[in-house]
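Here is the structure we will look at, set down as structure tokens.
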Amino acid sequence: MKKILTIAGTRPQLVKIAAVSRILRESFQEILVNTGQHYDYNMAGVFFDELNIPKPDYDLGIGSDSHGRQTGKMLIALEEIVDKEQPDAIIVYGDTNSTLAGAIIASKRHIPLIHIEAGLRSYNKLMPEELNRVMTDHVSTLLFTPTETAVKNLQKEGITEGVYTVGDVMYDAVIYNMELAERRFNLQNFDLVSKQYYLGTIHRAENTDTKEQLTAILKAFSKVEEKVYLPLHPRTKNKIKEYGLASLLTDSTNIHIVEPVSYLEMLLLEKNAKAIITDSGGVQKEAYFMKVPCVTLRLQTEWIETVEYGWNQLVDPLTEDLAEVLKYIQEGLPINNLYGSGDAAVKITNILKEMLK
């Protein structure tokens, strides 16, 4: 049986692994490496229990660090694993430092690299995620794209070989897990009423690494008329403390701060929100899957289809009035799902069997 080394380390990547590994392991021996890029249990570790993800064969526990040091630590550890396991192929997901580290190792060792969620572009190279996804695509052997837009992005960069549109594995995951979420949790657990709150998530560097930007976001939240339910990412929590912004939260009557929630809890919160306010790429898509209006606190998004069809609106908190935007936000156009039919993992596995037979 062919051996595939899967590398991940963040919350969204673990969700995708949960969707793909169930199918992949029917045909391949999968060796799972968790880099530990998300080191908080509620942010990542709980997923292994909640989503029945196979326990990692290697748990690196890298944790948070600067981009260079974090990626360097991953490279050192991954090189030893590749030497020991001698995989027939390496799978990476998305656009994180774990993705980039896996791509570098695969390319240096001439091992076929499979990039799931390839071809996404925000065209903002100030974002580390954009650099990671571009560099990974250019050394990949197989590129599994979620949309036709992603295929066109790759064509613009001269990448046409090994490209397959399979749909989005996150849609696979949402379909599989929503029923489980509704069986296990209800809104009473959170003291919330359906469609009477906004769900907020903030964590990206461009929104948390400057005091001006984060201050503007928190002030914008405080002006929203209804409750903003805000599971607080560790990065954001630390930055609020560093900048001395805690009073913006304690003085506000509508911002409800909670610890990070699990993936299943997040699905339930997303489905029942009046609208979602986020800077997360994954949450933007999940909002679309559930047909919940979304406001994205960024100047660009890699999920441009959600904006084009009216389900997602980009807002600059420095120059635009979030509370005013939310007053008039509405559902987008009724269309068929843009991200496949929920069988991306099956398509990926079938193509891999052809490549590695």
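Identifiers in the structure tokens: chain A, B, ... in order shown; residue index from 1 per chain; ligand index from 1 in order shown.
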
Excluding segment 210-223 of chain A and residues on its chain fewer than 2 positions from it, collect all residues at most 9 Å away from it, counting only C-alpha atoms, and give them as a list of chain:residue names.
A:Gly200, A:Ile202, A:Ala205, A:Glu206, A:Asn207, A:Thr208, A:Glu225, A:Glu226, A:Val228, A:Thr236, A:Lys239, A:Ile240, A:Tyr243, A:Leu245, A:Leu248, A:Leu249, A:Asp251, A:Ser252, A:Thr253, A:Asn254, A:Ile255, A:Leu297, A:Pro317, A:Leu318, A:Asp321, A:Leu322, A:Ala323

With C-alpha atoms retained, export the selected residues as a PDB file, in the first residue's frame.
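selection_8.pdb was written with the following content:
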ATOM      1  CA  GLY A 200     -17.458  37.690  15.373  1.00  0.00           C
ATOM      2  CA  ILE A 202     -10.778  38.170  14.526  1.00  0.00           C
ATOM      3  CA  ALA A 205      -2.054  39.533  11.523  1.00  0.00           C
ATOM      4  CA  GLU A 206      -3.196  42.515   9.454  1.00  0.00           C
ATOM      5  CA  ASN A 207      -6.009  43.117  11.950  1.00  0.00           C
ATOM      6  CA  THR A 208      -4.180  42.361  15.193  1.00  0.00           C
ATOM      7  CA  GLU A 225     -26.870  47.562  18.043  1.00  0.00           C
ATOM      8  CA  GLU A 226     -27.287  43.846  18.783  1.00  0.00           C
ATOM      9  CA  VAL A 228     -21.718  40.530  19.159  1.00  0.00           C
ATOM     10  CA  THR A 236      -6.183  38.646  19.552  1.00  0.00           C
ATOM     11  CA  LYS A 239      -2.683  41.824  21.463  1.00  0.00           C
ATOM     12  CA  ILE A 240      -5.594  43.396  23.355  1.00  0.00           C
ATOM     13  CA  TYR A 243      -2.063  47.417  23.511  1.00  0.00           C
ATOM     14  CA  LEU A 245      -7.408  47.845  24.946  1.00  0.00           C
ATOM     15  CA  LEU A 248     -12.950  48.825  25.053  1.00  0.00           C
ATOM     16  CA  LEU A 249     -14.422  45.409  25.812  1.00  0.00           C
ATOM     17  CA  ASP A 251     -17.020  49.220  28.793  1.00  0.00           C
ATOM     18  CA  SER A 252     -19.130  47.763  25.999  1.00  0.00           C
ATOM     19  CA  THR A 253     -22.543  46.296  26.826  1.00  0.00           C
ATOM     20  CA  ASN A 254     -23.038  44.390  23.550  1.00  0.00           C
ATOM     21  CA  ILE A 255     -19.710  42.538  23.080  1.00  0.00           C
ATOM     22  CA  LEU A 297     -12.918  42.898   7.819  1.00  0.00           C
ATOM     23  CA  PRO A 317     -12.885  49.184   9.793  1.00  0.00           C
ATOM     24  CA  LEU A 318     -10.599  52.220   9.540  1.00  0.00           C
ATOM     25  CA  ASP A 321     -19.012  52.209   9.591  1.00  0.00           C
ATOM     26  CA  LEU A 322     -19.536  48.542  10.446  1.00  0.00           C
ATOM     27  CA  ALA A 323     -22.701  49.205  12.447  1.00  0.00           C
TER      28      ALA A 323
END

Please return as a short mmCIF file (atom, residue, chain, number, x, y, z; two decimals) with C-alpha atoms, in the first residue's frame: the residues of segment 56-100 of chain A that backbone DSSP assigns to strand (DSSP E or B).
data_model
loop_
_atom_site.label_atom_id
_atom_site.label_comp_id
_atom_site.auth_asym_id
_atom_site.auth_seq_id
_atom_site.Cartn_x
_atom_site.Cartn_y
_atom_site.Cartn_z
CA TYR A 58 3.92 12.75 14.87
CA ASP A 59 2.91 15.70 17.07
CA ALA A 89 3.67 11.61 -1.71
CA ILE A 90 3.09 14.54 0.66
CA ILE A 91 -0.26 16.29 1.15
CA VAL A 92 -0.55 19.88 2.39
CA TYR A 93 -3.64 22.02 2.87
#

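The neighbours of Trp311 of chain A here are the residues that come within 7 Å of it, using only C-alpha atoms and leaving out any residue fewer than 2 positions away in the same chain; they are Tyr288, Pro293, Cys294, Thr306, Val307, Tyr309, Gln313, Glu331 and Gly332 of chain A.
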
Save the residues we just selected, C-alpha atoms, as a tab-separated table (two decimals), in the first residue's frame?
chain	number	residue	atom	x	y	z
A	288	TYR	CA	-21.85	30.95	2.47
A	293	PRO	CA	-24.69	37.00	5.38
A	294	CYS	CA	-21.03	37.74	6.09
A	306	THR	CA	-18.90	34.95	-2.12
A	307	VAL	CA	-18.60	38.70	-2.71
A	309	TYR	CA	-22.92	36.81	-5.44
A	313	GLN	CA	-19.14	42.16	1.95
A	331	GLU	CA	-28.92	37.65	1.91
A	332	GLY	CA	-27.19	37.22	-1.43

Residue contacts of Ile304 of chain A (12 Å, only C-alpha atoms) excluding same-chain residues fewer than 2 positions away, as a PDB file with C-alpha atoms, in the first residue's frame:
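Final output, saved to part-v9.pdb:
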ATOM      1  CA  LEU A 120      -6.612  30.762  -4.248  1.00  0.00           C
ATOM      2  CA  ARG A 121      -5.452  34.340  -4.541  1.00  0.00           C
ATOM      3  CA  SER A 122      -6.214  37.564  -2.674  1.00  0.00           C
ATOM      4  CA  TYR A 123      -3.456  39.361  -4.635  1.00  0.00           C
ATOM      5  CA  THR A 147     -13.464  26.476  -7.831  1.00  0.00           C
ATOM      6  CA  GLU A 148     -13.014  27.365 -11.497  1.00  0.00           C
ATOM      7  CA  THR A 149     -11.797  30.795 -10.391  1.00  0.00           C
ATOM      8  CA  ALA A 150      -8.842  29.082  -8.713  1.00  0.00           C
ATOM      9  CA  ASN A 153      -5.672  32.075 -11.183  1.00  0.00           C
ATOM     10  CA  GLY A 281     -11.109  32.653   5.026  1.00  0.00           C
ATOM     11  CA  GLN A 284     -16.376  33.234   5.073  1.00  0.00           C
ATOM     12  CA  LYS A 285     -17.014  30.000   3.207  1.00  0.00           C
ATOM     13  CA  TYR A 288     -21.849  30.951   2.469  1.00  0.00           C
ATOM     14  CA  THR A 296     -15.240  40.410   6.122  1.00  0.00           C
ATOM     15  CA  LEU A 299      -9.603  44.769   1.877  1.00  0.00           C
ATOM     16  CA  GLN A 300      -9.375  41.584  -0.228  1.00  0.00           C
ATOM     17  CA  THR A 301     -10.577  38.033  -0.031  1.00  0.00           C
ATOM     18  CA  GLU A 302      -9.448  34.835  -1.720  1.00  0.00           C
ATOM     19  CA  THR A 306     -18.897  34.954  -2.123  1.00  0.00           C
ATOM     20  CA  VAL A 307     -18.596  38.705  -2.707  1.00  0.00           C
ATOM     21  CA  GLU A 308     -19.682  38.581  -6.351  1.00  0.00           C
ATOM     22  CA  TYR A 309     -22.922  36.811  -5.437  1.00  0.00           C
ATOM     23  CA  GLY A 310     -23.724  39.105  -2.520  1.00  0.00           C
ATOM     24  CA  TRP A 311     -23.193  36.749   0.417  1.00  0.00           C
ATOM     25  CA  ASN A 312     -20.052  38.499   1.619  1.00  0.00           C
ATOM     26  CA  GLN A 313     -19.144  42.162   1.950  1.00  0.00           C
ATOM     27  CA  LEU A 314     -15.637  43.550   2.441  1.00  0.00           C
ATOM     28  CA  LEU A 338     -20.141  27.263  -5.912  1.00  0.00           C
TER      29      LEU A 338
END

Which residues of segment 107-140 of chain A have any atom within 10 Å of an atom in segment 159-166 of chain A when counting only C-alpha atoms, and what is the closest pair of atoms for each, with the distance in Å to one decimal? Order the rows by chain and rising number and write it as CSV.
residue,atom,partner,partner_atom,distance
A:Ile114,CA,A:Gly162,CA,9.5
A:His115,CA,A:Val163,CA,9.8
A:Ile116,CA,A:Val166,CA,9.4
A:Glu117,CA,A:Val166,CA,9.4
A:Ala118,CA,A:Val163,CA,8.6
A:Gly119,CA,A:Val163,CA,9.1
A:Asp137,CA,A:Ile159,CA,8.2
A:His138,CA,A:Ile159,CA,7.4
A:Val139,CA,A:Ile159,CA,9.9
A:Ser140,CA,A:Gly162,CA,8.4

Using only C-alpha atoms, tabulate the residues of segment 59-148 of chain A lying at most 12 Å from any atom of segment 6-29 of chain A, each with its closest atom pair and that distance in Å to one decimal, by chain and increasing residue number, as a tab-separated table.
residue	atom	partner	partner_atom	distance
A:Asp59	CA	A:Gly9	CA	9.1
A:Leu60	CA	A:Gly9	CA	9.1
A:Gly61	CA	A:Gly9	CA	9.0
A:Ile62	CA	A:Gly9	CA	9.0
A:Gly63	CA	A:Gly9	CA	9.3
A:Ser64	CA	A:Thr10	CA	11.0
A:Gln70	CA	A:Gly9	CA	11.6
A:Thr71	CA	A:Gly9	CA	11.6
A:Met74	CA	A:Ile7	CA	10.2
A:Leu75	CA	A:Ile7	CA	11.5
A:Ala77	CA	A:Ile7	CA	11.6
A:Leu78	CA	A:Ile7	CA	8.9
A:Ile81	CA	A:Ile7	CA	10.9
A:Val82	CA	A:Thr6	CA	11.0
A:Glu85	CA	A:Gln29	CA	11.1
A:Pro87	CA	A:Gln29	CA	9.5
A:Asp88	CA	A:Gln29	CA	10.0
A:Ala89	CA	A:Thr6	CA	8.6
A:Ile90	CA	A:Thr6	CA	5.8
A:Ile91	CA	A:Thr6	CA	4.7
A:Val92	CA	A:Ile7	CA	5.4
A:Tyr93	CA	A:Gln13	CA	6.1
A:Gly94	CA	A:Gln13	CA	7.2
A:Asp95	CA	A:Gln13	CA	9.4
A:Thr96	CA	A:Thr10	CA	7.8
A:Asn97	CA	A:Gly9	CA	8.8
A:Ser98	CA	A:Ala8	CA	5.9
A:Thr99	CA	A:Ala8	CA	6.9
A:Leu100	CA	A:Ile7	CA	10.0
A:Ala101	CA	A:Ile7	CA	8.9
A:Gly102	CA	A:Ile7	CA	6.5
A:Ala103	CA	A:Ile7	CA	9.6
A:Ile104	CA	A:Ile7	CA	12.0
A:Ile105	CA	A:Ile7	CA	10.8
A:Ala106	CA	A:Ile7	CA	10.9
A:Leu113	CA	A:Thr6	CA	10.1
A:Ile114	CA	A:Thr6	CA	9.4
A:His115	CA	A:Thr6	CA	10.4
A:Ile116	CA	A:Lys16	CA	9.1
A:Glu117	CA	A:Lys16	CA	9.8

Compare A:Leu126, A:Ala181, A:Met1, A:Ile335 by their minimum atom-to-atom distance to Leu268 of chain A, counting only C-alpha atoms, and give me the closest one.
A:Ala181

Write out as number ranges by chain all residues of segment 17-81 of chain A that backbone DSSP assigns to helix (DSSP H, G or I).
A: 17-24, 41-50, 67-81
